[in-house]
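**Student:** So that you have it, the file is model_28.tsv, and it contains TSV, C-alpha atoms:
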```tsv
chain	number	residue	atom	x	y	z
A	1	MET	CA	128.89	172.68	-210.96
A	2	VAL	CA	130.25	171.23	-214.21
A	3	LEU	CA	133.05	168.67	-214.42
A	4	ASN	CA	135.81	169.77	-216.81
A	5	ALA	CA	137.28	166.65	-218.40
A	6	HIS	CA	140.73	167.95	-219.33
A	7	ASN	CA	142.65	166.12	-222.12
A	8	CYS	CA	139.63	163.85	-222.64
A	9	TYR	CA	140.91	161.76	-225.55
A	10	PRO	CA	143.02	158.62	-226.06
A	11	GLU	CA	146.79	158.88	-225.87
A	12	ALA	CA	149.13	156.32	-227.43
A	13	GLY	CA	146.26	153.85	-227.82
A	14	LYS	CA	145.29	154.06	-224.13
A	15	TYR	CA	142.35	155.66	-222.31
A	16	GLN	CA	139.75	155.06	-225.03
A	17	ASP	CA	136.98	155.46	-222.44
A	18	ARG	CA	137.78	158.96	-221.18
A	19	ILE	CA	134.64	160.56	-222.65
A	20	ASP	CA	132.46	157.74	-221.33
A	21	ARG	CA	133.92	158.18	-217.84
A	22	ALA	CA	133.40	161.95	-218.01
A	23	ILE	CA	129.76	161.52	-219.05
A	24	ALA	CA	129.22	158.93	-216.33
A	25	SER	CA	130.08	161.62	-213.76
A	26	GLY	CA	126.81	163.35	-214.68
A	27	LEU	CA	125.53	165.96	-217.10
A	28	PRO	CA	126.28	168.63	-218.00
A	29	VAL	CA	129.96	167.97	-218.57
A	30	ALA	CA	132.75	169.99	-220.20
A	31	ILE	CA	135.07	168.01	-222.48
A	32	GLU	CA	138.39	169.38	-223.66
A	33	GLN	CA	139.82	168.15	-226.94
A	34	ASP	CA	143.40	169.03	-227.88
A	35	ILE	CA	143.62	169.18	-231.64
A	36	ALA	CA	146.55	169.36	-234.03
A	37	TRP	CA	146.84	169.47	-237.80
A	38	HIS	CA	148.27	166.39	-239.44
A	39	ARG	CA	149.50	166.40	-243.02
A	40	ASP	CA	150.21	163.08	-244.71
A	41	PRO	CA	153.74	163.46	-246.15
A	42	GLU	CA	152.96	161.13	-249.07
A	43	THR	CA	149.60	162.49	-250.22
A	44	GLY	CA	149.73	166.04	-248.86
A	45	ARG	CA	146.20	165.55	-247.51
A	46	GLY	CA	145.57	167.11	-244.09
A	47	TRP	CA	143.13	166.58	-241.25
A	48	SER	CA	142.64	167.45	-237.61
A	49	VAL	CA	143.62	164.86	-234.99
A	50	LEU	CA	143.36	164.64	-231.22
A	51	SER	CA	146.84	165.12	-229.83
A	52	HIS	CA	148.62	166.84	-226.99
A	53	GLU	CA	151.63	167.19	-229.28
A	54	THR	CA	152.16	169.27	-232.41
A	55	HIS	CA	154.04	166.44	-234.13
A	56	THR	CA	151.51	163.83	-235.20
A	57	SER	CA	151.59	160.43	-236.87
A	58	GLY	CA	148.16	160.47	-238.49
A	59	THR	CA	147.08	157.45	-236.46
A	60	GLU	CA	145.53	159.59	-233.73
A	61	PRO	CA	141.73	159.61	-233.44
A	62	THR	CA	139.83	162.42	-235.11
A	63	LEU	CA	137.55	164.90	-233.41
A	64	GLU	CA	134.62	163.57	-235.43
A	65	SER	CA	135.19	159.87	-234.78
A	66	HIS	CA	136.15	160.18	-231.14
A	67	PHE	CA	134.13	163.10	-229.82
A	68	PHE	CA	131.08	163.64	-232.03
A	69	GLU	CA	130.29	159.96	-232.55
A	70	THR	CA	130.72	159.22	-228.83
A	71	VAL	CA	128.33	161.97	-227.69
A	72	ARG	CA	125.88	161.38	-230.58
A	73	PRO	CA	123.40	159.21	-228.59
A	74	ILE	CA	123.25	161.71	-225.73
A	75	VAL	CA	122.86	164.78	-227.92
A	76	GLU	CA	120.31	163.18	-230.24
A	77	LYS	CA	118.26	161.97	-227.25
A	78	GLU	CA	118.22	165.48	-225.78
A	79	LEU	CA	117.27	166.99	-229.13
A	80	SER	CA	114.44	164.49	-229.66
A	81	GLU	CA	113.03	165.21	-226.20
A	82	GLY	CA	113.01	168.93	-226.97
A	83	SER	CA	113.90	170.00	-223.43
A	84	ALA	CA	116.04	173.06	-224.12
A	85	GLU	CA	116.21	173.88	-220.41
A	86	ASN	CA	118.75	171.07	-220.08
A	87	TRP	CA	121.12	172.66	-222.58
A	88	PRO	CA	123.99	172.74	-222.94
A	89	VAL	CA	124.47	169.08	-222.08
A	90	VAL	CA	128.10	168.88	-223.21
A	91	TYR	CA	130.47	171.82	-223.35
A	92	LEU	CA	133.14	171.30	-226.00
A	93	HIS	CA	136.42	173.04	-225.27
A	94	PHE	CA	139.17	173.15	-227.89
A	95	ASN	CA	142.86	173.50	-227.24
A	96	PHE	CA	144.35	174.16	-230.67
A	97	LYS	CA	147.92	172.81	-230.59
A	98	THR	CA	148.47	174.11	-234.13
A	99	ASN	CA	146.71	176.99	-235.82
A	100	GLU	CA	147.20	176.62	-239.56
A	101	ARG	CA	144.49	178.30	-241.60
A	102	GLU	CA	143.57	174.89	-243.07
A	103	HIS	CA	143.15	173.52	-239.57
A	104	VAL	CA	140.82	176.27	-238.46
A	105	GLU	CA	138.80	175.94	-241.68
A	106	TYR	CA	138.61	172.15	-241.23
A	107	VAL	CA	137.27	172.51	-237.68
A	108	GLN	CA	134.84	175.21	-238.79
A	109	ALA	CA	133.47	172.91	-241.49
A	110	LEU	CA	133.12	170.10	-238.94
A	111	LEU	CA	131.22	172.39	-236.56
A	112	LEU	CA	128.92	173.43	-239.40
A	113	LYS	CA	128.19	169.76	-240.04
A	114	TYR	CA	126.97	169.44	-236.43
A	115	ARG	CA	125.45	172.92	-236.15
A	116	ASP	CA	122.06	171.52	-235.08
A	117	TRP	CA	123.77	170.19	-231.96
A	118	LEU	CA	125.51	173.41	-231.00
A	119	SER	CA	124.62	176.34	-228.80
A	120	SER	CA	126.35	179.67	-229.07
A	121	ALA	CA	126.48	183.06	-227.42
A	122	VAL	CA	127.72	186.47	-228.44
A	123	ARG	CA	130.96	187.42	-226.72
A	124	GLN	CA	130.62	190.60	-224.71
A	125	GLU	CA	133.28	193.30	-224.66
A	126	ASP	CA	133.16	193.07	-220.86
A	127	ASN	CA	134.16	189.44	-220.07
A	128	ARG	CA	132.29	189.66	-216.76
A	129	LYS	CA	128.97	189.86	-218.64
A	130	LEU	CA	127.43	186.69	-219.99
A	131	SER	CA	125.23	186.49	-223.05
A	132	LYS	CA	122.17	184.30	-223.36
A	133	MET	CA	122.82	180.95	-225.04
A	134	ASP	CA	121.14	180.39	-228.38
```
Starting from the coordinates I provided, produce the structure as structure tokens.

**Tutor:**
Amino acid sequence: MVLNAHNCYPEAGKYQDRIDRAIASGLPVAIEQDIAWHRDPETGRGWSVLSHETHTSGTEPTLESHFFETVRPIVEKELSEGSAENWPVVYLHFNFKTNEREHVEYVQALLLKYRDWLSSAVRQEDNRKLSKMD
């Protein structure tokens, strides 16, 4: 059985420890991150933030700073031990609150940055059939 830590990110400056509490429940764990695209109105620069809302301020934590840096010690320990039978250790579940092309490309680039940490599987036409994790 795998715990699914739904909405596992800070909200309005509260609940900074949600990922830590989810991990403390035992591994493996599934962690959901709601993500929205934020565009700075002054600079036009955009980035993905953790938010349950589509309207963002830009002060929300980022997926990289909040999720990837929090799970880094766990993932790197598992990778260094080379025990693939324990994988996946953390399931990352996205809930895209906005789906701008820039947003999807931003997240894709972030996932490529951490590709050595990630497992994947080919989606089957029949959803009842599971593929082997790579």

**Student:** Near region 53-64 of chain A, counting all atoms listed in the file, which residues have an atom at most 10 Å away, once you skip same-chain residues fewer than 2 positions from it, shown as a ChimeraX atom specification?

**Tutor:** /A:9-13,16,33-41,46-51,66-70,96-98,107,110-111,114

**Student:** Near Ser131 (chain A), counting all atoms listed in the file, which residues have an atom at most 9 Å away, once you skip same-chain residues fewer than 6 positions from it, shown as JSON, numbers by chain?

**Tutor:** {"A": [121, 122, 123, 124]}

**Student:** Smallest atom-to-atom distance to Val89 (chain A): which of A:Lys14, A:Lys77, A:Lys129, A:Arg101, using only C-alpha atoms?

**Tutor:**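 Among the listed residues, A:Lys77 lies closest to Val89 (chain A).
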
**Student:** Figure out the distance between CA of Asp134 (chain A) and CA of Ala30 (chain A), please, to one decimal in Å.

**Tutor:**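 About the pair CA of Ala30 (chain A) and CA of Asp134 (chain A): they are 17.6 Å apart.
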
**Student:** Counting only C-alpha atoms, which of A:Trp117, A:Ile23, A:Phe94, A:Arg18 gets nearest to Arg72 (chain A)?

**Tutor:**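 Closest candidate: A:Trp117.
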
**Student:** Report the distance between CA of Ser25 (chain A) and CA of Val75 (chain A) in Å, rounded to one decimal place.

**Tutor:**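 Going from CA of Ser25 (chain A) over to CA of Val75 (chain A), I get 16.2 Å.
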
**Student:** Can you tell me how far CA of Cys8 (chain A) sits from CA of Ser83 (chain A), in Å to one decimal?

**Tutor:**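 Between these atoms lies a distance of 26.5 Å.
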
**Student:** Between A:Met1, A:Met133, A:Leu92, A:Leu79, which has the minimum distance to Ile19 (chain A) (counting all atoms listed in the file)?

**Tutor:**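 When distances to Ile19 (chain A) are compared using all atoms listed in the file, the smallest one comes from A:Leu92.
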